[in-house]
Amino acid sequence: MRCDYYAAGLCRSCTIIEQPYAEQVADKQARVADLLGPLAPGLTWLPPVTSDEAGFRTKAKMVIAGTVQAPTIGILDASGRGQDLRDCPLYPVSLSRAFPMLADFVTRAGLEPYDVPGRRGELKHVLVTVAPDEALMVRWVLRSTEALARIRKHLPWLLDQLPDIAVASVNVQPAHAAVLEGEREVVLTERETLTMRVNGIDLHLRPQSFFQTNTAVASALYRQAAAWIEASAPASLWDLYCGVGGFALHGAAPGRTVTGVETSAQAVASAQRSRDERLWSGDGSMRDVAFETADAVAWATGQASSADAIVVNPPRRGLGEELSRWLDASGASTVIYSSCNPDTLARDLAWMPSLVAREARLFDMFPHTGHGEVGVVLERA
Ligand SMILES: C[S@@+](CC[C@H](N)C(=O)[O-])C[C@H]1O[C@@H](n2cnc3c(N)ncnc32)[C@H](O)[C@@H]1O
């Protein structure tokens, strides 16, 4: 795909953007098949789920640099100066049209961009997420609360310019460190959650919760997981590292006990809200769905007995030895592992010799980069 920023050497984030898309997918497929091949000789690969080549990214993490009068919205170059990327082709129109207004807002509200080399200034990042219905969540990551009152004062202007903003908040990140956001969040709008409707299910995203970056491909991933769960018809299901509950809510069925486990209390509250809304609307499959705030490893290994089927969707670091070995020895007949890091996936599968990888699929969540999401269904040998 053509990207002017890449061609001019101004941004190199999409490392393989010049490679034709079909070839990118074929290479990723070959790489994950090579990685998992020795561990799972009989594994069947379903056709890869591909993405739109442009306009697929639903989350923008934009660094703000430059000056109050002329802010840049994009990334920092090697010398720490701002590189504006407001026309980055990865973003859908609903996000691209917000960037100029968000830059104007910096000037209007007098938000001094944080200068990394000089350790001066207030505004570090603007994080924007777009929902399938085009509603937006906008978050300003600030060094302190110095500019909070000015953001509040000028917010009505921004809401007039961008009526799609459903949620706006400030995140306070005082550390001079490569950490994107801090712990304190101040929500400025009446609404605190963005509704991400996926396959007819409303997932409620709070500012600090994780959501997949490519909603269209994530929808396909949840559908695939639901089909794998249905095929094994478990009486009980766990969704470990459940986030706002995508896998758990897709895997619910009448009479099935479903438990989602996640460390973020905010994400758990969102998942519970989705469950409650469906329950109140008469969806009986939600009756035995529950979510708990806990560390997945401590929680799972502390249970008296295991569920029949377990979905795991850990961060890039993977499950690790303790949980992998525990899954291997557990009573679960089916494990569905969704991974954004094939290297840790392969490492973890090697600790599960009693579980046989039966079917797998590549979900191309991150086009133009070497990254991919892989879903694998494992069954007890
Ligand atoms: C890759 S995300 C997956 C989220 C969710 N399954 C989805 O589809 O959006 C990983 C999730 O694991 C959570 N997490 C990280 N460490 C954890 C831990 N030790 N125990 C439980 N959850 C954890 C994160 O907060 C994040 O929501």
# chains A, B, ... in the order shown; residues from 1 in each chain; ligands from 1

call {"tool": "residues_near_ligand", "arguments": {"ligand": "ligand 1", "cutoff": "8 Å", "atoms": "only C-alpha atoms and all ligand atoms", "output": "ChimeraX atom specification"}}
result
/A:209-212,218,222,239-247,261-264,267,293-297,312-316,339-340

call {"tool": "write_last_selection", "arguments": {"atoms": "N, CA and C atoms", "output": "mmCIF file, in the first residue's frame"}}
result
data_model
loop_
_atom_site.group_PDB
_atom_site.id
_atom_site.type_symbol
_atom_site.label_atom_id
_atom_site.label_comp_id
_atom_site.auth_asym_id
_atom_site.auth_seq_id
_atom_site.Cartn_x
_atom_site.Cartn_y
_atom_site.Cartn_z
ATOM 1 N N SER A 209 -9.500 0.447 29.676
ATOM 2 C CA SER A 209 -9.594 -0.985 29.357
ATOM 3 C C SER A 209 -9.003 -1.294 27.988
ATOM 4 N N PHE A 210 -8.560 -2.532 27.857
ATOM 5 C CA PHE A 210 -8.002 -2.999 26.580
ATOM 6 C C PHE A 210 -9.124 -3.275 25.575
ATOM 7 N N PHE A 211 -8.870 -2.915 24.317
ATOM 8 C CA PHE A 211 -9.745 -3.378 23.240
ATOM 9 C C PHE A 211 -8.867 -3.666 22.020
ATOM 10 N N GLN A 212 -9.235 -4.693 21.255
ATOM 11 C CA GLN A 212 -8.451 -5.062 20.075
ATOM 12 C C GLN A 212 -8.398 -3.873 19.114
ATOM 13 N N ALA A 218 -11.301 -8.473 14.847
ATOM 14 C CA ALA A 218 -11.656 -8.998 16.179
ATOM 15 C C ALA A 218 -13.040 -9.662 16.142
ATOM 16 N N TYR A 222 -13.862 -13.461 17.401
ATOM 17 C CA TYR A 222 -14.884 -13.878 18.377
ATOM 18 C C TYR A 222 -15.857 -14.880 17.758
ATOM 19 N N ASP A 239 -13.071 -17.791 30.573
ATOM 20 C CA ASP A 239 -12.409 -16.866 29.652
ATOM 21 C C ASP A 239 -11.346 -16.156 30.485
ATOM 22 N N LEU A 240 -10.092 -16.646 30.392
ATOM 23 C CA LEU A 240 -9.006 -16.061 31.187
ATOM 24 C C LEU A 240 -8.369 -14.918 30.408
ATOM 25 N N TYR A 241 -8.064 -13.796 31.096
ATOM 26 C CA TYR A 241 -7.595 -12.542 30.470
ATOM 27 C C TYR A 241 -8.752 -11.993 29.613
ATOM 28 N N CYS A 242 -9.934 -11.873 30.249
ATOM 29 C CA CYS A 242 -11.169 -11.645 29.475
ATOM 30 C C CYS A 242 -11.373 -10.214 29.023
ATOM 31 N N GLY A 243 -10.595 -9.232 29.538
ATOM 32 C CA GLY A 243 -10.835 -7.847 29.147
ATOM 33 C C GLY A 243 -12.289 -7.483 29.403
ATOM 34 N N VAL A 244 -12.937 -6.835 28.411
ATOM 35 C CA VAL A 244 -14.345 -6.432 28.609
ATOM 36 C C VAL A 244 -15.311 -7.578 28.260
ATOM 37 N N GLY A 245 -14.789 -8.786 28.122
ATOM 38 C CA GLY A 245 -15.655 -9.966 28.083
ATOM 39 C C GLY A 245 -16.009 -10.509 26.707
ATOM 40 N N GLY A 246 -15.262 -10.108 25.675
ATOM 41 C CA GLY A 246 -15.607 -10.502 24.302
ATOM 42 C C GLY A 246 -15.793 -12.009 24.114
ATOM 43 N N PHE A 247 -14.835 -12.800 24.551
ATOM 44 C CA PHE A 247 -14.948 -14.256 24.335
ATOM 45 C C PHE A 247 -16.052 -14.849 25.213
ATOM 46 N N VAL A 261 -12.189 -13.896 33.763
ATOM 47 C CA VAL A 261 -11.245 -13.457 34.801
ATOM 48 C C VAL A 261 -10.270 -12.462 34.193
ATOM 49 N N GLU A 262 -10.029 -11.377 34.927
ATOM 50 C CA GLU A 262 -9.266 -10.256 34.377
ATOM 51 C C GLU A 262 -8.747 -9.416 35.537
ATOM 52 N N THR A 263 -7.527 -8.841 35.405
ATOM 53 C CA THR A 263 -6.981 -8.025 36.507
ATOM 54 C C THR A 263 -7.591 -6.629 36.570
ATOM 55 N N SER A 264 -8.065 -6.099 35.448
ATOM 56 C CA SER A 264 -8.581 -4.729 35.445
ATOM 57 C C SER A 264 -10.021 -4.705 35.954
ATOM 58 N N ALA A 267 -12.419 -3.145 33.471
ATOM 59 C CA ALA A 267 -12.843 -4.031 32.381
ATOM 60 C C ALA A 267 -13.897 -5.010 32.885
ATOM 61 N N THR A 293 -12.504 -10.072 39.159
ATOM 62 C CA THR A 293 -11.243 -9.337 39.075
ATOM 63 C C THR A 293 -10.185 -10.147 39.815
ATOM 64 N N ALA A 294 -9.246 -10.700 39.074
ATOM 65 C CA ALA A 294 -8.209 -11.524 39.709
ATOM 66 C C ALA A 294 -7.078 -11.761 38.719
ATOM 67 N N ASP A 295 -5.954 -12.187 39.253
ATOM 68 C CA ASP A 295 -4.850 -12.633 38.408
ATOM 69 C C ASP A 295 -5.229 -14.011 37.849
ATOM 70 N N ALA A 296 -5.116 -14.165 36.536
ATOM 71 C CA ALA A 296 -5.600 -15.390 35.892
ATOM 72 C C ALA A 296 -4.872 -16.629 36.413
ATOM 73 N N VAL A 297 -3.577 -16.495 36.658
ATOM 74 C CA VAL A 297 -2.800 -17.668 37.080
ATOM 75 C C VAL A 297 -3.232 -18.082 38.491
ATOM 76 N N VAL A 312 -8.062 -18.703 26.533
ATOM 77 C CA VAL A 312 -7.006 -17.844 27.091
ATOM 78 C C VAL A 312 -6.585 -16.844 26.025
ATOM 79 N N ASN A 313 -6.438 -15.582 26.430
ATOM 80 C CA ASN A 313 -6.067 -14.524 25.486
ATOM 81 C C ASN A 313 -5.129 -13.544 26.222
ATOM 82 N N PRO A 314 -3.901 -14.039 26.530
ATOM 83 C CA PRO A 314 -3.007 -13.230 27.370
ATOM 84 C C PRO A 314 -2.350 -12.091 26.600
ATOM 85 N N PRO A 315 -1.709 -11.158 27.321
ATOM 86 C CA PRO A 315 -0.884 -10.145 26.644
ATOM 87 C C PRO A 315 0.305 -10.806 25.940
ATOM 88 N N ARG A 316 1.146 -10.004 25.298
ATOM 89 C CA ARG A 316 2.235 -10.536 24.463
ATOM 90 C C ARG A 316 3.168 -11.500 25.210
ATOM 91 N N SER A 339 -3.658 -15.640 20.570
ATOM 92 C CA SER A 339 -2.366 -15.040 20.901
ATOM 93 C C SER A 339 -1.976 -13.955 19.904
ATOM 94 N N CYS A 340 -1.429 -12.848 20.435
ATOM 95 C CA CYS A 340 -0.902 -11.815 19.535
ATOM 96 C C CYS A 340 0.604 -11.946 19.408
#

call {"tool": "closest_atom_pairs", "arguments": {"of": "segment 90-125 of chain A", "to": "segment 43-54 of chain A", "cutoff": "12 Å", "atoms": "only C-alpha atoms", "output": "Markdown table"}}
result
| residue | atom | partner | partner_atom | distance |
| --- | --- | --- | --- | --- |
| A:Leu90 | CA | A:Ala54 | CA | 4.9 |
| A:Tyr91 | CA | A:Ala54 | CA | 7.0 |
| A:Pro92 | CA | A:Ala54 | CA | 7.5 |
| A:Val93 | CA | A:Ala54 | CA | 10.2 |
| A:Ser96 | CA | A:Ala54 | CA | 11.9 |

call {"tool": "closest_residue", "arguments": {"among": "A:Ala298, A:Cys3, A:Leu362, A:Ala149", "to": "Thr15 of chain A", "atoms": "only C-alpha atoms"}}
result
A:Cys3

call {"tool": "residues_around", "arguments": {"residues": "Ala248 of chain A", "least_positions_apart": "5", "cutoff": "12 Å", "atoms": "only C-alpha atoms", "output": "PyMOL selection string"}}
result
chain A and resi 201+203+222-223+225-226+229+236-243+253+256-262+268+271-272+274-275+285-286+288-292+309-313+336

call {"tool": "closest_residue", "arguments": {"among": "A:Val106, A:Cys14, A:Ala265, A:Ala220", "to": "Asp364 of chain A", "atoms": "only C-alpha atoms"}}
result
A:Ala220

call {"tool": "closest_residue", "arguments": {"among": "A:Met1, A:Leu249, A:Val172, A:Gly9", "to": "Ala78 of chain A", "atoms": "only C-alpha atoms"}}
result
A:Gly9

call {"tool": "residues_around", "arguments": {"residues": "segment 119-125 of chain A", "least_positions_apart": "5", "cutoff": "9 Å", "atoms": "only C-alpha atoms", "output": "mmCIF file with N, CA and C atoms, in the first residue's frame"}}
result
data_model
loop_
_atom_site.group_PDB
_atom_site.id
_atom_site.type_symbol
_atom_site.label_atom_id
_atom_site.label_comp_id
_atom_site.auth_asym_id
_atom_site.auth_seq_id
_atom_site.Cartn_x
_atom_site.Cartn_y
_atom_site.Cartn_z
ATOM 1 N N LYS A 61 -2.966 6.214 18.998
ATOM 2 C CA LYS A 61 -2.175 6.663 20.154
ATOM 3 C C LYS A 61 -1.236 7.718 19.612
ATOM 4 N N MET A 62 -1.641 8.976 19.661
ATOM 5 C CA MET A 62 -0.896 10.047 19.009
ATOM 6 C C MET A 62 -0.057 10.825 20.025
ATOM 7 N N VAL A 63 1.229 10.972 19.721
ATOM 8 C CA VAL A 63 2.101 11.815 20.545
ATOM 9 C C VAL A 63 1.855 13.264 20.134
ATOM 10 N N ILE A 64 1.731 14.151 21.121
ATOM 11 C CA ILE A 64 1.595 15.584 20.821
ATOM 12 C C ILE A 64 2.944 16.249 21.076
ATOM 13 N N ALA A 65 3.423 16.964 20.073
ATOM 14 C CA ALA A 65 4.715 17.663 20.218
ATOM 15 C C ALA A 65 4.591 19.012 19.506
ATOM 16 N N ILE A 73 0.708 16.071 15.714
ATOM 17 C CA ILE A 73 -0.097 14.976 16.268
ATOM 18 C C ILE A 73 0.335 13.727 15.512
ATOM 19 N N GLY A 74 1.117 12.879 16.167
ATOM 20 C CA GLY A 74 1.653 11.716 15.452
ATOM 21 C C GLY A 74 2.660 10.950 16.268
ATOM 22 N N VAL A 106 -5.608 21.884 21.063
ATOM 23 C CA VAL A 106 -4.354 22.103 21.805
ATOM 24 C C VAL A 106 -4.077 23.604 21.888
ATOM 25 N N LEU A 111 -2.622 24.065 25.621
ATOM 26 C CA LEU A 111 -2.022 22.863 26.210
ATOM 27 C C LEU A 111 -0.590 22.734 25.704
ATOM 28 N N GLU A 112 0.368 23.008 26.560
ATOM 29 C CA GLU A 112 1.765 22.997 26.096
ATOM 30 C C GLU A 112 2.220 21.557 25.855
ATOM 31 N N PRO A 113 2.592 21.234 24.590
ATOM 32 C CA PRO A 113 3.037 19.863 24.330
ATOM 33 C C PRO A 113 4.249 19.510 25.182
ATOM 34 N N TYR A 114 4.274 18.296 25.656
ATOM 35 C CA TYR A 114 5.395 17.841 26.494
ATOM 36 C C TYR A 114 6.629 17.691 25.617
ATOM 37 N N ARG A 139 -9.016 10.819 24.887
ATOM 38 C CA ARG A 139 -8.322 10.923 26.178
ATOM 39 C C ARG A 139 -7.060 11.752 26.018
ATOM 40 N N TRP A 140 -6.874 12.730 26.902
ATOM 41 C CA TRP A 140 -5.635 13.507 26.891
ATOM 42 C C TRP A 140 -4.740 12.981 28.011
ATOM 43 N N VAL A 141 -3.525 12.615 27.665
ATOM 44 C CA VAL A 141 -2.583 12.157 28.697
ATOM 45 C C VAL A 141 -1.705 13.341 29.078
ATOM 46 N N LEU A 142 -1.831 13.776 30.337
ATOM 47 C CA LEU A 142 -1.152 14.988 30.815
ATOM 48 C C LEU A 142 -0.099 14.637 31.861
ATOM 49 N N ARG A 143 0.888 15.516 31.972
ATOM 50 C CA ARG A 143 1.935 15.321 32.988
ATOM 51 C C ARG A 143 1.368 15.570 34.388
ATOM 52 N N SER A 144 0.450 16.551 34.483
ATOM 53 C CA SER A 144 -0.148 16.885 35.783
ATOM 54 C C SER A 144 -1.582 17.359 35.512
ATOM 55 N N THR A 145 -2.231 17.862 36.547
ATOM 56 C CA THR A 145 -3.600 18.357 36.340
ATOM 57 C C THR A 145 -3.605 19.866 36.058
ATOM 58 N N GLU A 146 -2.441 20.452 35.804
ATOM 59 C CA GLU A 146 -2.331 21.914 35.596
ATOM 60 C C GLU A 146 -3.302 22.399 34.519
ATOM 61 N N ALA A 147 -3.469 21.621 33.448
ATOM 62 C CA ALA A 147 -4.282 22.076 32.311
ATOM 63 C C ALA A 147 -5.732 21.576 32.360
ATOM 64 N N GLN A 173 -0.233 11.256 33.856
ATOM 65 C CA GLN A 173 0.948 10.382 33.778
ATOM 66 C C GLN A 173 2.173 11.231 34.126
ATOM 67 N N HIS A 176 8.407 10.576 33.889
ATOM 68 C CA HIS A 176 9.142 10.794 32.649
ATOM 69 C C HIS A 176 9.640 9.418 32.225
ATOM 70 N N LEU A 180 2.788 4.728 28.454
ATOM 71 C CA LEU A 180 1.818 5.497 27.679
ATOM 72 C C LEU A 180 0.864 6.270 28.572
ATOM 73 N N GLU A 181 0.398 5.635 29.640
ATOM 74 C CA GLU A 181 -0.602 6.299 30.465
ATOM 75 C C GLU A 181 -0.398 5.991 31.936
#

call {"tool": "closest_residue", "arguments": {"among": "A:Val187, A:Val126, A:Ala231, A:Ile17", "to": "Ala166 of chain A", "atoms": "only C-alpha atoms"}}
result
A:Val187

call {"tool": "residues_around", "arguments": {"residues": "Asp77 of chain A", "least_positions_apart": "6", "cutoff": "10 Å", "atoms": "only C-alpha atoms", "output": "PyMOL selection string"}}
result
chain A and resi 10-11+83-84

call {"tool": "residues_around", "arguments": {"residues": "segment 365-379 of chain A", "least_positions_apart": "5", "cutoff": "6 Å", "atoms": "only C-alpha atoms", "output": "list of chain:residue names"}}
result
A:Cys14, A:Thr15, A:Ile16, A:Ile17, A:Asn214, A:Val217, A:Ser333, A:Thr334, A:Val335, A:Ile336, A:Tyr337, A:Ser338, A:Ser339, A:Cys340, A:Leu355, A:Val356, A:Ala357, A:Arg358, A:Glu359, A:Ala360

call {"tool": "write_last_selection", "arguments": {"atoms": "N, CA and C atoms", "output": "compact mmCIF listing (two decimals), in the first residue's frame"}}
result
# COMPACT_ATOMS: atom_id res chain seq x y z
N CYS A 14 5.06 0.94 9.90
CA CYS A 14 4.53 -0.18 9.12
C CYS A 14 5.68 -0.75 8.30
N THR A 15 6.41 -1.66 8.93
CA THR A 15 7.69 -2.10 8.38
C THR A 15 7.56 -2.81 7.03
N ILE A 16 6.41 -3.41 6.72
CA ILE A 16 6.31 -4.17 5.46
C ILE A 16 5.23 -3.59 4.54
N ILE A 17 4.98 -2.29 4.67
CA ILE A 17 3.87 -1.68 3.92
C ILE A 17 4.08 -1.73 2.41
N ASN A 214 -8.32 -3.73 15.83
CA ASN A 214 -8.93 -3.88 14.52
C ASN A 214 -10.28 -4.56 14.74
N VAL A 217 -11.58 -7.42 12.31
CA VAL A 217 -10.90 -8.71 12.45
C VAL A 217 -11.19 -9.32 13.82
N SER A 333 -11.35 -30.27 28.54
CA SER A 333 -11.20 -31.10 27.33
C SER A 333 -10.85 -30.22 26.12
N THR A 334 -11.17 -28.93 26.19
CA THR A 334 -10.90 -28.02 25.08
C THR A 334 -10.24 -26.75 25.61
N VAL A 335 -9.17 -26.32 24.96
CA VAL A 335 -8.54 -25.02 25.29
C VAL A 335 -8.46 -24.23 24.00
N ILE A 336 -8.91 -22.99 24.05
CA ILE A 336 -8.80 -22.11 22.88
C ILE A 336 -7.81 -21.02 23.25
N TYR A 337 -6.71 -20.94 22.52
CA TYR A 337 -5.66 -20.00 22.84
C TYR A 337 -5.63 -18.95 21.73
N SER A 338 -5.91 -17.69 22.08
CA SER A 338 -5.82 -16.60 21.12
C SER A 338 -4.61 -15.76 21.50
N SER A 339 -3.66 -15.64 20.57
CA SER A 339 -2.37 -15.04 20.90
C SER A 339 -1.98 -13.96 19.90
N CYS A 340 -1.43 -12.85 20.44
CA CYS A 340 -0.90 -11.81 19.54
C CYS A 340 0.60 -11.95 19.41
N LEU A 355 -2.32 -31.67 25.37
CA LEU A 355 -3.37 -31.00 24.59
C LEU A 355 -2.90 -30.93 23.13
N VAL A 356 -3.74 -31.43 22.25
CA VAL A 356 -3.35 -31.51 20.83
C VAL A 356 -3.98 -30.36 20.06
N ALA A 357 -3.14 -29.59 19.37
CA ALA A 357 -3.67 -28.48 18.57
C ALA A 357 -4.35 -29.07 17.34
N ARG A 358 -5.67 -28.85 17.23
CA ARG A 358 -6.44 -29.49 16.16
C ARG A 358 -6.62 -28.55 14.97
N GLU A 359 -7.03 -27.30 15.25
CA GLU A 359 -7.31 -26.34 14.18
C GLU A 359 -6.74 -24.99 14.59
N ALA A 360 -6.28 -24.22 13.61
CA ALA A 360 -5.75 -22.89 13.92
C ALA A 360 -6.11 -21.95 12.79
